[in-house]
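So this block is structure.cif, mmCIF, C-alpha atoms:
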data_coords
loop_
_atom_site.group_PDB
_atom_site.id
_atom_site.type_symbol
_atom_site.label_atom_id
_atom_site.label_comp_id
_atom_site.auth_asym_id
_atom_site.auth_seq_id
_atom_site.Cartn_x
_atom_site.Cartn_y
_atom_site.Cartn_z
ATOM 1 C CA MET A 867 -40.299 -43.201 -1.459
ATOM 2 C CA ILE A 868 -36.813 -44.661 -1.172
ATOM 3 C CA ALA A 869 -35.181 -44.353 2.240
ATOM 4 C CA PRO A 870 -31.978 -42.258 2.221
ATOM 5 C CA PHE A 871 -30.074 -45.090 3.900
ATOM 6 C CA SER A 872 -29.428 -48.748 3.168
ATOM 7 C CA ASP A 873 -27.304 -49.957 6.103
ATOM 8 C CA ILE A 874 -28.367 -49.294 9.673
ATOM 9 C CA LEU A 875 -26.098 -49.870 12.660
ATOM 10 C CA VAL A 876 -27.543 -50.104 16.144
ATOM 11 C CA TYR A 877 -25.120 -49.793 19.045
ATOM 12 C CA LEU A 878 -25.912 -52.043 22.003
ATOM 13 C CA ASP A 879 -24.501 -51.503 25.475
ATOM 14 C CA GLY A 880 -26.902 -53.537 27.568
ATOM 15 C CA SER A 881 -28.844 -50.552 28.864
ATOM 16 C CA GLU A 882 -32.639 -50.310 28.633
ATOM 17 C CA GLY A 883 -32.172 -47.438 26.229
ATOM 18 C CA SER A 884 -30.177 -49.609 23.858
ATOM 19 C CA LEU A 885 -32.901 -52.253 24.001
ATOM 20 C CA SER A 886 -35.437 -49.669 22.818
ATOM 21 C CA ALA A 887 -32.977 -48.684 20.084
ATOM 22 C CA ALA A 888 -32.711 -52.348 19.085
ATOM 23 C CA MET A 889 -36.496 -52.658 18.701
ATOM 24 C CA TYR A 890 -36.700 -49.392 16.806
ATOM 25 C CA SER A 891 -33.906 -50.492 14.471
ATOM 26 C CA ILE A 892 -35.764 -53.693 13.641
ATOM 27 C CA MET A 893 -38.959 -51.768 12.847
ATOM 28 C CA LEU A 894 -36.993 -49.278 10.746
ATOM 29 C CA ALA A 895 -35.062 -51.957 8.841
ATOM 30 C CA LYS A 896 -38.242 -53.889 8.117
ATOM 31 C CA SER A 897 -40.158 -50.881 6.865
ATOM 32 C CA THR A 898 -37.326 -49.622 4.631
ATOM 33 C CA ASN A 899 -35.716 -52.926 3.572
ATOM 34 C CA ALA A 900 -32.416 -51.673 4.896
ATOM 35 C CA ASN A 901 -29.668 -54.033 6.073
ATOM 36 C CA LEU A 902 -29.443 -54.167 9.844
ATOM 37 C CA HIS A 903 -26.212 -54.494 11.858
ATOM 38 C CA ALA A 904 -25.916 -54.664 15.658
ATOM 39 C CA LEU A 905 -22.635 -54.007 17.419
ATOM 40 C CA TYR A 906 -21.655 -54.550 21.041
ATOM 41 C CA VAL A 907 -18.276 -53.293 22.181
ATOM 42 C CA VAL A 908 -16.626 -54.992 25.122
ATOM 43 C CA ASN A 909 -14.931 -51.984 26.658
ATOM 44 C CA THR A 910 -11.387 -53.340 27.011
ATOM 45 C CA LYS A 911 -10.063 -49.783 26.760
ATOM 46 C CA ALA A 912 -11.779 -48.959 30.082
ATOM 47 C CA LEU A 913 -10.521 -52.207 31.629
ATOM 48 C CA GLY A 914 -6.957 -51.364 30.575
ATOM 49 C CA ASP A 915 -7.267 -47.813 31.877
ATOM 50 C CA LEU A 916 -8.613 -49.068 35.205
ATOM 51 C CA LEU A 917 -5.724 -51.503 35.491
ATOM 52 C CA ASN A 918 -3.153 -48.815 34.676
ATOM 53 C CA ALA A 919 -4.711 -46.489 37.246
ATOM 54 C CA HIS A 920 -4.464 -49.259 39.910
ATOM 55 C CA ILE A 921 -8.233 -49.276 40.353
ATOM 56 C CA PHE A 922 -8.287 -52.862 39.060
ATOM 57 C CA ILE A 923 -5.872 -55.642 39.809
ATOM 58 C CA ASP A 924 -5.069 -58.239 37.125
ATOM 59 C CA MET A 925 -7.386 -60.885 38.507
ATOM 60 C CA GLU A 926 -10.245 -58.405 38.697
ATOM 61 C CA LYS A 927 -9.662 -57.189 35.149
ATOM 62 C CA ASN A 928 -9.822 -60.759 33.831
ATOM 63 C CA GLU A 929 -12.946 -61.486 35.836
ATOM 64 C CA TYR A 930 -14.662 -58.371 34.459
ATOM 65 C CA LEU A 931 -13.542 -59.186 30.931
ATOM 66 C CA GLU A 932 -15.152 -62.601 31.231
ATOM 67 C CA ASP A 933 -18.356 -61.028 32.607
ATOM 68 C CA LEU A 934 -18.447 -58.424 29.846
ATOM 69 C CA VAL A 935 -17.929 -61.015 27.110
ATOM 70 C CA LYS A 936 -20.787 -63.084 28.538
ATOM 71 C CA ASP A 937 -22.898 -59.938 28.727
ATOM 72 C CA SER A 938 -22.202 -59.115 25.081
ATOM 73 C CA GLU A 939 -23.134 -62.642 24.000
ATOM 74 C CA ARG A 940 -26.376 -62.434 25.975
ATOM 75 C CA HIS A 941 -27.358 -59.068 24.471
ATOM 76 C CA LEU A 942 -26.499 -60.073 20.917
ATOM 77 C CA ARG A 943 -28.431 -63.330 21.325
ATOM 78 C CA HIS A 944 -31.400 -61.281 22.472
ATOM 79 C CA MET A 945 -31.024 -58.936 19.502
ATOM 80 C CA LYS A 946 -31.053 -61.905 17.111
ATOM 81 C CA LYS A 947 -34.118 -63.335 18.824
ATOM 82 C CA LEU A 948 -35.974 -60.023 18.585
ATOM 83 C CA ALA A 949 -35.107 -59.659 14.887
ATOM 84 C CA LEU A 950 -36.050 -63.245 14.145
ATOM 85 C CA SER A 951 -39.423 -62.758 15.840
ATOM 86 C CA LYS A 952 -40.166 -60.057 13.239
ATOM 87 C CA ASP A 953 -38.640 -61.891 10.255
ATOM 88 C CA CYS A 954 -35.827 -59.395 10.041
ATOM 89 C CA GLU A 955 -32.242 -60.338 9.241
ATOM 90 C CA VAL A 956 -29.516 -58.871 11.392
ATOM 91 C CA THR A 957 -25.731 -59.111 11.372
ATOM 92 C CA VAL A 958 -24.498 -59.144 14.950
ATOM 93 C CA LEU A 959 -20.932 -58.621 16.089
ATOM 94 C CA SER A 960 -19.075 -58.248 19.359
ATOM 95 C CA VAL A 961 -15.693 -56.520 19.291
ATOM 96 C CA GLU A 962 -13.227 -55.389 21.929
ATOM 97 C CA GLY A 963 -11.822 -51.890 22.315
ATOM 98 C CA ALA A 964 -12.987 -48.348 23.021
ATOM 99 C CA PRO A 965 -16.726 -48.156 22.204
ATOM 100 C CA HIS A 966 -16.772 -44.859 20.291
ATOM 101 C CA ALA A 967 -13.646 -45.750 18.292
ATOM 102 C CA GLU A 968 -14.920 -49.237 17.408
ATOM 103 C CA VAL A 969 -18.310 -47.905 16.334
ATOM 104 C CA MET A 970 -16.676 -45.286 14.091
ATOM 105 C CA LYS A 971 -14.426 -47.967 12.591
ATOM 106 C CA TYR A 972 -17.374 -50.269 11.908
ATOM 107 C CA ILE A 973 -19.329 -47.438 10.261
ATOM 108 C CA LYS A 974 -16.474 -46.702 7.876
ATOM 109 C CA GLU A 975 -15.605 -50.311 7.063
ATOM 110 C CA ASN A 976 -19.196 -51.403 6.440
ATOM 111 C CA ASN A 977 -20.597 -48.340 4.655
ATOM 112 C CA ILE A 978 -23.118 -47.708 7.391
ATOM 113 C CA ASP A 979 -25.308 -44.728 6.546
ATOM 114 C CA LEU A 980 -27.470 -44.515 9.671
ATOM 115 C CA LEU A 981 -26.396 -45.001 13.291
ATOM 116 C CA LEU A 982 -29.025 -45.684 15.943
ATOM 117 C CA LEU A 983 -28.258 -44.893 19.554
ATOM 118 C CA GLY A 984 -30.239 -45.224 22.734
ATOM 119 C CA SER A 985 -29.456 -43.863 26.178
ATOM 120 C CA ILE A 986 -28.026 -40.448 25.408
ATOM 121 C CA ASN A 987 -27.568 -38.835 28.802
ATOM 122 C CA THR A 988 -28.911 -35.509 29.871
ATOM 123 C CA ILE A 989 -26.142 -32.937 29.707
ATOM 124 C CA HIS A 990 -25.143 -32.564 33.349
ATOM 125 C CA SER A 991 -21.771 -31.000 32.947
ATOM 126 C CA ARG A 992 -19.697 -29.056 30.486
ATOM 127 C CA ARG A 993 -16.593 -30.923 31.565
ATOM 128 C CA GLU A 994 -15.083 -32.858 28.678
ATOM 129 C CA GLU A 995 -13.935 -35.566 31.096
ATOM 130 C CA LEU A 996 -17.553 -36.385 31.958
ATOM 131 C CA VAL A 997 -18.755 -36.981 28.396
ATOM 132 C CA SER A 998 -20.140 -40.510 27.901
ATOM 133 C CA GLU A 999 -19.243 -42.975 25.126
ATOM 134 C CA THR A 1000 -22.619 -42.587 23.393
ATOM 135 C CA ASP A 1001 -22.325 -38.789 23.494
ATOM 136 C CA ARG A 1002 -18.956 -39.114 21.755
ATOM 137 C CA MET A 1003 -20.518 -41.322 19.060
ATOM 138 C CA LEU A 1004 -23.261 -38.782 18.510
ATOM 139 C CA ARG A 1005 -20.725 -35.993 18.114
ATOM 140 C CA THR A 1006 -18.201 -37.780 15.922
ATOM 141 C CA SER A 1007 -20.260 -40.084 13.704
ATOM 142 C CA PRO A 1008 -19.500 -39.627 9.999
ATOM 143 C CA CYS A 1009 -23.076 -40.628 9.104
ATOM 144 C CA PRO A 1010 -26.500 -39.387 10.284
ATOM 145 C CA VAL A 1011 -27.475 -40.467 13.792
ATOM 146 C CA LEU A 1012 -30.918 -41.282 15.106
ATOM 147 C CA VAL A 1013 -31.311 -41.097 18.887
ATOM 148 C CA VAL A 1014 -34.053 -43.389 20.122
ATOM 149 C CA LYS A 1015 -35.778 -42.211 23.281
ATOM 150 C CA ASP A 1016 -36.459 -44.916 25.806
ATOM 151 C CA ASP A 1017 -40.218 -44.901 25.510
ATOM 152 C CA GLU A 1018 -42.878 -47.507 26.295
ATOM 153 C CA GLU A 1019 -44.572 -46.616 23.014
ATOM 154 C CA ILE A 1020 -41.675 -48.239 21.143
ATOM 155 C CA TRP A 1021 -42.200 -51.486 23.058
ATOM 156 C CA ASP A 1022 -45.953 -51.368 22.280
ATOM 157 C CA LYS A 1023 -45.375 -50.679 18.581
ATOM 158 C CA PHE A 1024 -42.817 -53.466 18.423
ATOM 159 C CA GLU A 1025 -45.371 -55.892 19.845
ATOM 160 C CA GLU A 1026 -47.949 -54.747 17.257
ATOM 161 C CA ILE A 1027 -45.917 -55.324 14.075
ATOM 162 C CA MET B 319 -24.441 -44.878 32.836
ATOM 163 C CA ASP B 320 -21.996 -42.169 33.759
ATOM 164 C CA LEU B 321 -20.913 -40.646 37.003
ATOM 165 C CA CYS B 322 -23.375 -37.741 36.909
ATOM 166 C CA ASN B 323 -26.299 -40.182 36.834
ATOM 167 C CA VAL B 324 -25.504 -41.508 40.285
ATOM 168 C CA ILE B 325 -24.132 -38.528 42.195
ATOM 169 C CA LYS B 326 -26.414 -37.514 45.038
ATOM 170 C CA LYS B 327 -25.904 -34.736 47.582
ATOM 171 C CA GLU B 328 -26.992 -37.145 50.306
ATOM 172 C CA LEU B 329 -24.024 -39.376 49.439
ATOM 173 C CA ILE B 330 -21.266 -36.788 49.777
ATOM 174 C CA ILE B 331 -19.202 -36.369 52.959
ATOM 175 C CA VAL B 332 -17.245 -33.155 53.514
ATOM 176 C CA PRO B 333 -15.128 -33.309 55.533
ATOM 177 C CA LEU B 334 -14.350 -36.961 55.973
ATOM 178 C CA THR B 335 -12.805 -37.066 59.444
ATOM 179 C CA ALA B 336 -11.528 -40.660 59.727
ATOM 180 C CA SER B 337 -7.755 -40.892 59.756
ATOM 181 C CA SER B 338 -7.188 -44.568 58.901
ATOM 182 C CA LYS B 339 -7.945 -46.679 55.845
ATOM 183 C CA ASP B 340 -10.478 -48.821 57.706
ATOM 184 C CA GLY B 341 -12.086 -45.748 59.226
ATOM 185 C CA ILE B 342 -12.497 -44.155 55.789
ATOM 186 C CA ILE B 343 -14.099 -47.304 54.357
ATOM 187 C CA GLU B 344 -16.466 -47.568 57.306
ATOM 188 C CA SER B 345 -17.510 -43.896 57.078
ATOM 189 C CA LEU B 346 -18.243 -44.163 53.356
ATOM 190 C CA VAL B 347 -20.206 -47.414 53.667
ATOM 191 C CA ASN B 348 -22.112 -46.113 56.708
ATOM 192 C CA LYS B 349 -23.206 -43.087 54.684
ATOM 193 C CA TYR B 350 -24.590 -45.395 51.995
ATOM 194 C CA ALA B 351 -26.226 -47.636 54.598
ATOM 195 C CA GLU B 352 -27.888 -44.656 56.268
ATOM 196 C CA TYR B 353 -29.238 -43.452 52.910
ATOM 197 C CA LYS B 354 -30.498 -46.922 51.963
ATOM 198 C CA HIS B 355 -31.708 -47.833 55.485
ATOM 199 C CA LEU B 356 -29.615 -50.996 55.501
ATOM 200 C CA THR B 357 -29.429 -53.348 58.452
ATOM 201 C CA ALA B 358 -26.268 -53.476 60.554
ATOM 202 C CA GLU B 359 -25.588 -56.959 59.196
ATOM 203 C CA LYS B 360 -25.835 -55.882 55.555
ATOM 204 C CA THR B 361 -23.664 -52.835 56.278
ATOM 205 C CA ALA B 362 -20.997 -55.027 57.884
ATOM 206 C CA ASP B 363 -21.085 -57.340 54.841
ATOM 207 C CA ILE B 364 -20.403 -54.443 52.480
ATOM 208 C CA ILE B 365 -17.555 -53.179 54.679
ATOM 209 C CA ASP B 366 -16.047 -56.686 54.609
ATOM 210 C CA GLU B 367 -16.354 -56.889 50.810
ATOM 211 C CA ILE B 368 -14.590 -53.555 50.357
ATOM 212 C CA LYS B 369 -11.837 -54.437 52.817
ATOM 213 C CA LYS B 370 -11.377 -57.830 51.169
ATOM 214 C CA ARG B 371 -10.917 -56.160 47.789
ATOM 215 C CA GLU B 372 -8.523 -53.557 49.209
ATOM 216 C CA SER B 373 -6.431 -56.308 50.815
ATOM 217 C CA LEU B 374 -5.650 -57.595 47.291
ATOM 218 C CA GLY B 375 -4.272 -54.206 46.256
ATOM 219 C CA SER B 376 -5.033 -50.625 47.157
ATOM 220 C CA THR B 377 -7.308 -48.659 44.803
ATOM 221 C CA ALA B 378 -5.407 -45.468 45.634
ATOM 222 C CA MET B 379 -4.244 -43.701 42.481
ATOM 223 C CA GLU B 380 -1.187 -41.505 42.095
ATOM 224 C CA ASN B 381 -3.119 -38.250 42.209
ATOM 225 C CA GLY B 382 -4.589 -38.387 45.704
ATOM 226 C CA ILE B 383 -7.755 -40.227 44.703
ATOM 227 C CA ALA B 384 -8.910 -43.683 45.792
ATOM 228 C CA ILE B 385 -11.797 -45.674 44.366
ATOM 229 C CA PRO B 386 -12.706 -48.538 46.713
ATOM 230 C CA HIS B 387 -15.365 -50.664 45.041
ATOM 231 C CA ALA B 388 -17.342 -53.888 45.117
ATOM 232 C CA LYS B 389 -19.906 -55.845 43.134
ATOM 233 C CA LEU B 390 -22.728 -56.772 45.444
ATOM 234 C CA GLU B 391 -25.611 -59.225 45.461
ATOM 235 C CA GLY B 392 -29.012 -57.604 45.864
ATOM 236 C CA VAL B 393 -27.940 -54.124 44.750
ATOM 237 C CA GLU B 394 -30.253 -52.931 41.994
ATOM 238 C CA GLU B 395 -28.939 -49.437 41.421
ATOM 239 C CA SER B 396 -25.298 -48.493 41.357
ATOM 240 C CA ALA B 397 -24.228 -45.907 43.902
ATOM 241 C CA VAL B 398 -21.239 -43.668 44.484
ATOM 242 C CA VAL B 399 -20.352 -42.141 47.851
ATOM 243 C CA ILE B 400 -17.858 -39.278 47.654
ATOM 244 C CA GLY B 401 -15.749 -38.258 50.628
ATOM 245 C CA ILE B 402 -13.233 -35.430 50.878
ATOM 246 C CA SER B 403 -10.737 -35.519 53.702
ATOM 247 C CA ARG B 404 -9.089 -32.313 54.896
ATOM 248 C CA LEU B 405 -5.876 -34.178 55.687
ATOM 249 C CA PRO B 406 -4.300 -36.767 53.380
ATOM 250 C CA VAL B 407 -4.779 -40.340 54.609
ATOM 251 C CA ASP B 408 -2.568 -43.369 54.010
ATOM 252 C CA PHE B 409 -4.818 -45.574 51.871
ATOM 253 C CA GLY B 410 -2.061 -47.938 50.800
ATOM 254 C CA GLY B 411 -0.979 -46.091 47.654
ATOM 255 C CA GLU B 412 2.350 -44.445 46.890
ATOM 256 C CA GLU B 413 0.883 -41.085 47.835
ATOM 257 C CA LYS B 414 -1.570 -40.220 50.569
ATOM 258 C CA THR B 415 -5.215 -39.764 49.574
ATOM 259 C CA LYS B 416 -7.711 -36.925 50.104
ATOM 260 C CA VAL B 417 -10.558 -37.762 47.712
ATOM 261 C CA PHE B 418 -12.503 -41.009 47.948
ATOM 262 C CA PHE B 419 -15.133 -42.496 45.652
ATOM 263 C CA LEU B 420 -16.855 -45.575 47.036
ATOM 264 C CA VAL B 421 -18.482 -47.419 44.115
ATOM 265 C CA LEU B 422 -21.107 -50.069 44.817
ATOM 266 C CA ALA B 423 -22.577 -51.861 41.839
ATOM 267 C CA SER B 424 -24.853 -54.737 41.014
ATOM 268 C CA LYS B 425 -23.261 -58.132 40.395
ATOM 269 C CA ASN B 426 -25.631 -58.534 37.464
ATOM 270 C CA ASN B 427 -24.458 -55.514 35.538
ATOM 271 C CA PRO B 428 -20.673 -55.627 35.011
ATOM 272 C CA SER B 429 -20.890 -53.235 32.094
ATOM 273 C CA GLU B 430 -22.449 -50.516 34.229
ATOM 274 C CA HIS B 431 -19.837 -50.992 36.947
ATOM 275 C CA VAL B 432 -16.967 -50.667 34.450
ATOM 276 C CA GLN B 433 -18.555 -47.580 32.849
ATOM 277 C CA LEU B 434 -18.916 -45.956 36.242
ATOM 278 C CA LEU B 435 -15.355 -46.680 37.355
ATOM 279 C CA ALA B 436 -14.000 -45.536 33.997
ATOM 280 C CA SER B 437 -16.068 -42.376 34.212
ATOM 281 C CA ILE B 438 -14.540 -41.540 37.619
ATOM 282 C CA ALA B 439 -11.031 -42.354 36.409
ATOM 283 C CA ARG B 440 -11.566 -40.133 33.360
ATOM 284 C CA ALA B 441 -12.904 -37.245 35.443
ATOM 285 C CA CYS B 442 -9.958 -37.558 37.795
ATOM 286 C CA SER B 443 -7.433 -37.558 34.970
ATOM 287 C CA SER B 444 -7.819 -33.783 34.953
ATOM 288 C CA SER B 445 -5.403 -32.301 37.488
ATOM 289 C CA VAL B 446 -7.460 -29.104 37.640
ATOM 290 C CA PHE B 447 -10.602 -31.061 38.495
ATOM 291 C CA VAL B 448 -8.786 -33.065 41.174
ATOM 292 C CA ARG B 449 -7.403 -29.873 42.680
ATOM 293 C CA LEU B 450 -10.853 -28.309 42.801
ATOM 294 C CA LEU B 451 -12.322 -31.470 44.306
ATOM 295 C CA SER B 452 -9.601 -31.760 46.961
ATOM 296 C CA GLY B 453 -10.120 -28.163 47.967
ATOM 297 C CA ALA B 454 -13.927 -28.290 48.139
ATOM 298 C CA LYS B 455 -15.188 -27.073 51.504
ATOM 299 C CA SER B 456 -18.801 -28.214 51.424
ATOM 300 C CA VAL B 457 -21.166 -30.841 50.015
ATOM 301 C CA THR B 458 -22.695 -28.245 47.697
ATOM 302 C CA GLU B 459 -19.277 -27.242 46.390
ATOM 303 C CA VAL B 460 -18.449 -30.870 45.527
ATOM 304 C CA TYR B 461 -21.851 -31.437 43.942
ATOM 305 C CA GLU B 462 -21.596 -28.319 41.806
ATOM 306 C CA LEU B 463 -18.194 -29.334 40.478
ATOM 307 C CA PHE B 464 -19.905 -32.180 38.651
ATOM 308 C CA PHE B 465 -22.887 -30.189 37.450
ATOM 309 C CA ASP B 466 -21.494 -26.791 36.464
#

Could you take the file, read its structure, and then write that structure out as structure tokens?
Amino acid sequence: MIAPFSDILVYLDGSEGSLSAAMYSIMLAKSTNANLHALYVVNTKALGDLLNAHIFIDMEKNEYLEDLVKDSERHLRHMKKLALSKDCEVTVLSVEGAPHAEVMKYIKENNIDLLLLGSINTIHSRREELVSETDRMLRTSPCPVLVVKDDEEIWDKFEEI
Amino acid sequence: MDLCNVIKKELIIVPLTASSKDGIIESLVNKYAEYKHLTAEKTADIIDEIKKRESLGSTAMENGIAIPHAKLEGVEESAVVIGISRLPVDFGGEEKTKVFFLVLASKNNPSEHVQLLASIARACSSSVFVRLLSGAKSVTEVYELFFD
């Protein structure tokens, strides 16, 4: 059977949930011969908003930006290492902006036909202001979305293959 | 990580009775310290960190909200302490402040800290929400505003 997708994008945000999604994406890409892409978005939109709202001062914004860039490099390096350990090729990219907007842009520009997300939060509130970035991606993605539950079984299966 | 993941009833103060900026910071940090069973020394360190950050520029926003915050060594889980003052307090912003969010995050997870602060800023961009929060009379009322 041919898989109904050829280009998978996994969104990484450094959470444990996104690490499970990364492992799952590698297993999925390997078993379907799909191309695998991993994207980390340094949330400069949030940094800018925090600066405009006077919650951050300039120095603090720059310090956080530096930390976030380092964080993105660390997570993408880890993604590459995981993929390499399973003989799977992956295109990794770090961009700056608003996470949901950057992910949507990447999907459209790279003909992504499956988006993998981890760490979807429990719905706590109906307030639009409290919706998370990953929830927005799930709602607005132009392609099918697979939500990977943070489950130890995924880690075990990943070790087995 | 969003705001609703870290809100706990035990970390909400209504009403916050301190009338000075330092008093507000101390009340919020003491609430966290009580919940986490921190030593007096550790509590004083956190108060110093928050005051140090505030001395560089107040985190009071234009809408009566302030978000004092710090990245701390040895903190594994991010925490938010919410305090609602009956009377507006001068927190160093252009307007006086009634609603306070103390955000304490791990030094090792900048992404989580930014997400949390952004989540609070986003929630507080709604004037209706801020009005409801400012007028909340009890811990339960504040808690339910986030989980209705």

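Every protein or nucleic acid residue with an atom no more than 10 Å from Glu955 (chain A), counting only C-alpha atoms and leaving out same-chain residues fewer than 4 positions away, appears here: Ile892, Ala895, Lys896, Asn899, Ala900, Asn901, Leu902, His903, Lys946, Ala949 and Leu950 of chain A.
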
d(CA of Leu981 (chain A), CA of Asp1016 (chain A)) in Å: 16.1 Å

Reference answer for the PyMOL selection byres ((chain B and resi 413) around 8), as a VMD selection string: chain B and resid 378 to 382 408 411 to 412 414 to 415

Hits of the PyMOL selection byres ((chain B and resi 423) around 9) in this structure, as a VMD selection string: chain B and resid 387 to 391 393 to 398 421 to 422 424 to 428 430 to 431 434

Atom-to-atom span, CA of Tyr461 (chain B) and CA of Ala912 (chain A), Å: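 Pair CA of Tyr461 (chain B) / CA of Ala912 (chain A) returns 24.5 Å.
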
Check which residues satisfy the PyMOL selection byres ((chain A and resi 883) around 12) in the file shown, then give them as an mmCIF file with C-alpha atoms, keeping the file's coordinate frame.
data_model
loop_
_atom_site.group_PDB
_atom_site.id
_atom_site.type_symbol
_atom_site.label_atom_id
_atom_site.label_comp_id
_atom_site.auth_asym_id
_atom_site.auth_seq_id
_atom_site.Cartn_x
_atom_site.Cartn_y
_atom_site.Cartn_z
ATOM 1 C CA VAL A 876 -27.543 -50.104 16.144
ATOM 2 C CA TYR A 877 -25.120 -49.793 19.045
ATOM 3 C CA LEU A 878 -25.912 -52.043 22.003
ATOM 4 C CA ASP A 879 -24.501 -51.503 25.475
ATOM 5 C CA GLY A 880 -26.902 -53.537 27.568
ATOM 6 C CA SER A 881 -28.844 -50.552 28.864
ATOM 7 C CA GLU A 882 -32.639 -50.310 28.633
ATOM 8 C CA SER A 884 -30.177 -49.609 23.858
ATOM 9 C CA LEU A 885 -32.901 -52.253 24.001
ATOM 10 C CA SER A 886 -35.437 -49.669 22.818
ATOM 11 C CA ALA A 887 -32.977 -48.684 20.084
ATOM 12 C CA ALA A 888 -32.711 -52.348 19.085
ATOM 13 C CA MET A 889 -36.496 -52.658 18.701
ATOM 14 C CA TYR A 890 -36.700 -49.392 16.806
ATOM 15 C CA LEU A 982 -29.025 -45.684 15.943
ATOM 16 C CA LEU A 983 -28.258 -44.893 19.554
ATOM 17 C CA GLY A 984 -30.239 -45.224 22.734
ATOM 18 C CA SER A 985 -29.456 -43.863 26.178
ATOM 19 C CA ILE A 986 -28.026 -40.448 25.408
ATOM 20 C CA ASN A 987 -27.568 -38.835 28.802
ATOM 21 C CA THR A 1000 -22.619 -42.587 23.393
ATOM 22 C CA VAL A 1013 -31.311 -41.097 18.887
ATOM 23 C CA VAL A 1014 -34.053 -43.389 20.122
ATOM 24 C CA LYS A 1015 -35.778 -42.211 23.281
ATOM 25 C CA ASP A 1016 -36.459 -44.916 25.806
ATOM 26 C CA ASP A 1017 -40.218 -44.901 25.510
ATOM 27 C CA GLU A 1018 -42.878 -47.507 26.295
ATOM 28 C CA ILE A 1020 -41.675 -48.239 21.143
ATOM 29 C CA TRP A 1021 -42.200 -51.486 23.058
ATOM 30 C CA MET B 319 -24.441 -44.878 32.836
#

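Using all atoms listed in the file, the shortest contact distance between chain B and any of A:Val961, A:Ala869, A:Ile978, A:Leu917 is found at A:Leu917.
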
Contact set, chain B to chain A: 8 Å, all atoms listed in the file, as a PyMOL selection string: chain B and resi 319-322+374-380+384-386+428-429+432-433+435-437+439-441+443-444+464-466

May I have the residues from that selection written out with C-alpha atoms, as a short mmCIF file (atom, residue, chain, number, x, y, z; two decimals), in the coordinates of the input?
data_model
loop_
_atom_site.label_atom_id
_atom_site.label_comp_id
_atom_site.auth_asym_id
_atom_site.auth_seq_id
_atom_site.Cartn_x
_atom_site.Cartn_y
_atom_site.Cartn_z
CA MET B 319 -24.44 -44.88 32.84
CA ASP B 320 -22.00 -42.17 33.76
CA LEU B 321 -20.91 -40.65 37.00
CA CYS B 322 -23.38 -37.74 36.91
CA LEU B 374 -5.65 -57.60 47.29
CA GLY B 375 -4.27 -54.21 46.26
CA SER B 376 -5.03 -50.62 47.16
CA THR B 377 -7.31 -48.66 44.80
CA ALA B 378 -5.41 -45.47 45.63
CA MET B 379 -4.24 -43.70 42.48
CA GLU B 380 -1.19 -41.50 42.10
CA ALA B 384 -8.91 -43.68 45.79
CA ILE B 385 -11.80 -45.67 44.37
CA PRO B 386 -12.71 -48.54 46.71
CA PRO B 428 -20.67 -55.63 35.01
CA SER B 429 -20.89 -53.24 32.09
CA VAL B 432 -16.97 -50.67 34.45
CA GLN B 433 -18.56 -47.58 32.85
CA LEU B 435 -15.36 -46.68 37.35
CA ALA B 436 -14.00 -45.54 34.00
CA SER B 437 -16.07 -42.38 34.21
CA ALA B 439 -11.03 -42.35 36.41
CA ARG B 440 -11.57 -40.13 33.36
CA ALA B 441 -12.90 -37.24 35.44
CA SER B 443 -7.43 -37.56 34.97
CA SER B 444 -7.82 -33.78 34.95
CA PHE B 464 -19.90 -32.18 38.65
CA PHE B 465 -22.89 -30.19 37.45
CA ASP B 466 -21.49 -26.79 36.46
#

For Gly341 (chain B): contacts at 12 Å, only C-alpha atoms, fewer than 5 positions along chain excluded, given as a list in words: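 Selected residues are Leu334, Thr335, Ala336, Leu346, Val347, Asn348, Ile365, Lys369, Gly401, Ser403, Val407, Asp408 and Phe409 of chain B.
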
Best match for closeness to Ile402 (chain B) among B:Val332, B:Ile438, B:Ser338, B:Arg371, counting all atoms listed in the file: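 Looking only at the distances to Ile402 (chain B), the closest residue turns out to be B:Val332.
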
Coordinates-based distance that separates CA of Val907 (chain A) from CA of Lys326 (chain B) (Å, one decimal):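 Between CA of Lys326 (chain B) and CA of Val907 (chain A) the gap works out to 28.9 Å.
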
Nearby residues (all atoms listed in the file) at most 8 Å from Leu329 (chain B), same-chain spacing under 5 positions excluded, as a VMD selection string: chain B and resid 349 to 350 353 398 to 400

Would you mind exporting the chosen residues as a PDB file, in the coordinates of the input, restricted to C-alpha atoms?
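Output file out.pdb is given in full below:
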ATOM      1  CA  LYS B 349     -23.206 -43.087  54.684  1.00  0.00           C
ATOM      2  CA  TYR B 350     -24.590 -45.395  51.995  1.00  0.00           C
ATOM      3  CA  TYR B 353     -29.238 -43.452  52.910  1.00  0.00           C
ATOM      4  CA  VAL B 398     -21.239 -43.668  44.484  1.00  0.00           C
ATOM      5  CA  VAL B 399     -20.352 -42.141  47.851  1.00  0.00           C
ATOM      6  CA  ILE B 400     -17.858 -39.278  47.654  1.00  0.00           C
TER       7      ILE B 400
END

Surrounding residues of Ser373 (chain B) excluding itself and chain neighbours under 5 positions, 10 Å, only C-alpha atoms, as JSON, numbers by chain: {"B": [367, 368, 410]}

Counting all atoms listed in the file, the residue of B:Ile343, B:Ala351, B:Val324, B:Ile330 that sits nearest Val457 (chain B):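 The answer is B:Ile330, which sits nearest to Val457 (chain B).
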